Amino acid sequence: MSTYTRIAAFVDLNAIEENLEAVKSCLSWETKVMAVIKTDAYGHGAAAIARHVEKKEYLWGFATATLEEAVELHEAGIKKPVLILGCVYPEDMKELTGILEQNSGPSGACFSQIRPAVYNLETAKELSREAERQSALLGKRIVIPVHIKLDTGMSRIGFGDTRESIEQIQEIRRLPNLSLEGIFTHFARADERDKASAVSQLDRFRRFVEECGRDDIHFSMCHCSNSAGIMELQEAHFDMVRAGIILYGIYPSDEVRRETIALKPAMELKSRIVYVKEIGPETEVSYGGTYRADSVRRIATIPVGYGDGYPRSLSNKGYVLVCGKKAPIRGRVCMDQMMVDITEIPEAELGMEVTLFGRDGDAILPLETLCELSGRFPYEFICDINKRVPRIYRS
Ligand SMILES: *Cc1c(COP(=O)(O)O)cnc(C)c1O
């Protein structure tokens, strides 16, 4: 890290690859993996990660939340399929149907690289119509593979597991420019110790897929497991699993059995001391004077704040590592700066590296510790490290 680097998120691509291999080792040989890289790969950088792992034979493709994220992958040269987990808007359908797989399939049809999740009939019809329009313009048949989203208990998006939904899926199957490729559902509570809710969702999913089968509706990719399901619900793996948070070396919750899978955190957040001073007793630090020194203290200023996504709720609660030792945050975290106490670390000096989370020599400050101290959720914490923070890749 250069002497002048204000802040950097170091991302270890090999750690992500190792975590992906660890995921695969939990699965049977025929089960594929979809790497969930929404929200810029949980803040780690979607394009870089997709490029690093794309060639893995067991990796089916990627999942994003939005069309923009899927387009970004396409523009980065990613060729494997991308499933959009969230909503696709009518005005986006033209763009979606224009991104076609290079080696398109038999019978001269061109398949779209991007697969939307489909959870209502109207969107499916609109998509098929748009693909038909584009086909006419291009003079070749465009087919959009879709994944049916089934709601089995999350109550977010998805067809209900009802007879009516099966009839609608029949209609979708007959649309000329769509093909039913997958069906999936999402667990609301797989990360809890008690798996009763997840198992009930799994049963509903299985029963619905079976009923589709009786109606001669078949899907080549059935999937429902998120990270917690991958770790603890073997019977939910089906054709594919959707690996999100575990790819980044973070456990989905503290109720999962960590011994099932060894993960390596992929991101470290580092900065440097930019100012050192001594303050006398009674001196207040930062906005609101929420910290008042009770003796002479040595205070270091770090050029990082909530403007980088570092939580303000760590004011007077969090700490950083300097020379492998804990330096507690004093006073409020500002937008762009914060102060830490280095009285107990006499060797700490201006310009020295500071670890906001990650490893510093033998000392480790886990992201999870900061989550506990700040009352924030690990997924949220890592996604919030924002674009003002440069990502530096190591592999
Ligand atoms: C985000 C998401 C995932 C990944 O979840 P993790 O807990 O991060 O593994 C999987 N499926 C869906 C539908 C999602 O929205």
# chains A, B, ... in the order shown; residues from 1 in each chain; ligands from 1
>>> select_by_dssp(residues="stretch 158-385 of chain A", states="strand (DSSP E or B)", output="PyMOL selection string")
chain A and resi 159-160+178-184+221-223+240-243+267-272+275-279+284-285+291-292+297-302+319-322+325-330+338-341+353-360+363-365
>>> residues_near_ligand(ligand="ligand 1", cutoff="10 Å", atoms="only C-alpha atoms and all ligand atoms", output="number ranges by chain")
A: 34-39, 41-42, 63-65, 83-86, 117, 149, 154, 156-157, 184-188, 190-191, 223-231, 241-248, 250-253, 379
>>> residues_around(residues="A:Glu192", least_positions_apart="2", cutoff="8 Å", atoms="only C-alpha atoms", output="list of chain:residue names")
A:Arg189, A:Ala190, A:Asp194, A:Lys195, A:Ser253, A:Glu255, A:Val256
>>> write_last_selection(atoms="all heavy atoms", output="CSV table (one decimal), in the first residue's frame")
chain,number,residue,atom,x,y,z
A,189,ARG,N,-35.4,-18.5,6.0
A,189,ARG,CA,-34.9,-18.7,7.3
A,189,ARG,C,-33.9,-19.9,7.4
A,189,ARG,O,-33.7,-20.5,8.4
A,189,ARG,CB,-36.0,-19.0,8.3
A,189,ARG,CG,-37.0,-17.8,8.3
A,189,ARG,CD,-38.2,-18.1,9.2
A,189,ARG,NE,-37.8,-18.3,10.6
A,189,ARG,CZ,-38.7,-18.6,11.6
A,189,ARG,NH1,-40.0,-18.7,11.3
A,189,ARG,NH2,-38.3,-18.8,12.8
A,190,ALA,N,-33.2,-20.1,6.3
A,190,ALA,CA,-32.2,-21.3,6.2
A,190,ALA,C,-31.0,-21.0,7.1
A,190,ALA,O,-30.3,-22.0,7.5
A,190,ALA,CB,-31.8,-21.6,4.8
A,194,ASP,N,-32.8,-23.7,13.8
A,194,ASP,CA,-34.0,-24.5,13.6
A,194,ASP,C,-34.4,-24.5,12.1
A,194,ASP,O,-34.7,-23.4,11.6
A,194,ASP,CB,-35.1,-23.9,14.5
A,194,ASP,CG,-36.4,-24.7,14.3
A,194,ASP,OD1,-36.5,-25.6,13.4
A,194,ASP,OD2,-37.4,-24.4,15.1
A,195,LYS,N,-34.4,-25.6,11.5
A,195,LYS,CA,-34.6,-25.6,10.0
A,195,LYS,C,-36.0,-25.9,9.6
A,195,LYS,O,-36.3,-26.2,8.4
A,195,LYS,CB,-33.6,-26.7,9.4
A,195,LYS,CG,-32.1,-26.4,9.5
A,195,LYS,CD,-31.8,-25.2,8.5
A,195,LYS,CE,-30.3,-25.0,8.5
A,195,LYS,NZ,-29.8,-24.1,9.6
A,253,SER,N,-24.7,-16.5,9.0
A,253,SER,CA,-25.2,-16.0,10.3
A,253,SER,C,-24.3,-16.7,11.3
A,253,SER,O,-23.5,-17.5,11.0
A,253,SER,CB,-26.7,-16.5,10.5
A,253,SER,OG,-26.7,-17.8,10.8
A,255,GLU,N,-25.6,-18.6,13.5
A,255,GLU,CA,-26.3,-19.9,13.9
A,255,GLU,C,-25.9,-21.1,13.0
A,255,GLU,O,-26.3,-22.2,13.3
A,255,GLU,CB,-27.8,-19.7,13.9
A,255,GLU,CG,-28.3,-18.8,15.0
A,255,GLU,CD,-29.8,-18.7,15.1
A,255,GLU,OE1,-30.5,-19.7,14.8
A,255,GLU,OE2,-30.3,-17.7,15.5
A,256,VAL,N,-25.2,-20.8,11.9
A,256,VAL,CA,-24.8,-22.0,11.1
A,256,VAL,C,-23.5,-22.6,11.7
A,256,VAL,O,-22.7,-22.0,12.4
A,256,VAL,CB,-24.5,-21.5,9.6
A,256,VAL,CG1,-25.8,-21.0,9.0
A,256,VAL,CG2,-23.4,-20.5,9.5
>>> atom_distance(atom1="atom CA of A:Ser135", atom2="atom CA of A:Leu175")
14.0 Å
>>> select_by_dssp(residues="stretch 68-195 of chain A", states="alpha helix (DSSP H)", output="ChimeraX atom specification")
/A:68-75,93-97,121-138,163-174
>>> residues_around(residues="A:Gly358", least_positions_apart="5", cutoff="7 Å", atoms="only C-alpha atoms", output="PyMOL selection string")
chain A and resi 268-269+364-366
>>> write_last_selection(atoms="N, CA, C and O atoms", output="compact mmCIF listing (two decimals), in the first residue's frame")
# COMPACT_ATOMS: atom_id res chain seq x y z
N GLU A 268 -10.11 -6.97 2.85
CA GLU A 268 -9.52 -6.27 3.99
C GLU A 268 -9.61 -4.79 3.71
O GLU A 268 -9.42 -4.36 2.57
N LEU A 269 -9.87 -4.02 4.73
CA LEU A 269 -9.98 -2.57 4.56
C LEU A 269 -8.85 -1.89 5.32
O LEU A 269 -8.69 -2.11 6.52
N ILE A 364 -6.04 -10.19 14.04
CA ILE A 364 -7.14 -10.15 13.08
C ILE A 364 -8.28 -9.35 13.67
O ILE A 364 -8.62 -9.51 14.84
N LEU A 365 -8.82 -8.46 12.86
CA LEU A 365 -10.05 -7.77 13.25
C LEU A 365 -11.13 -8.23 12.27
O LEU A 365 -11.18 -7.78 11.13
N PRO A 366 -11.94 -9.20 12.70
CA PRO A 366 -12.94 -9.73 11.75
C PRO A 366 -14.06 -8.73 11.51
O PRO A 366 -14.45 -8.00 12.42
>>> atom_distance(atom1="atom CA of A:Leu178", atom2="atom CA of A:Lys55")
26.9 Å
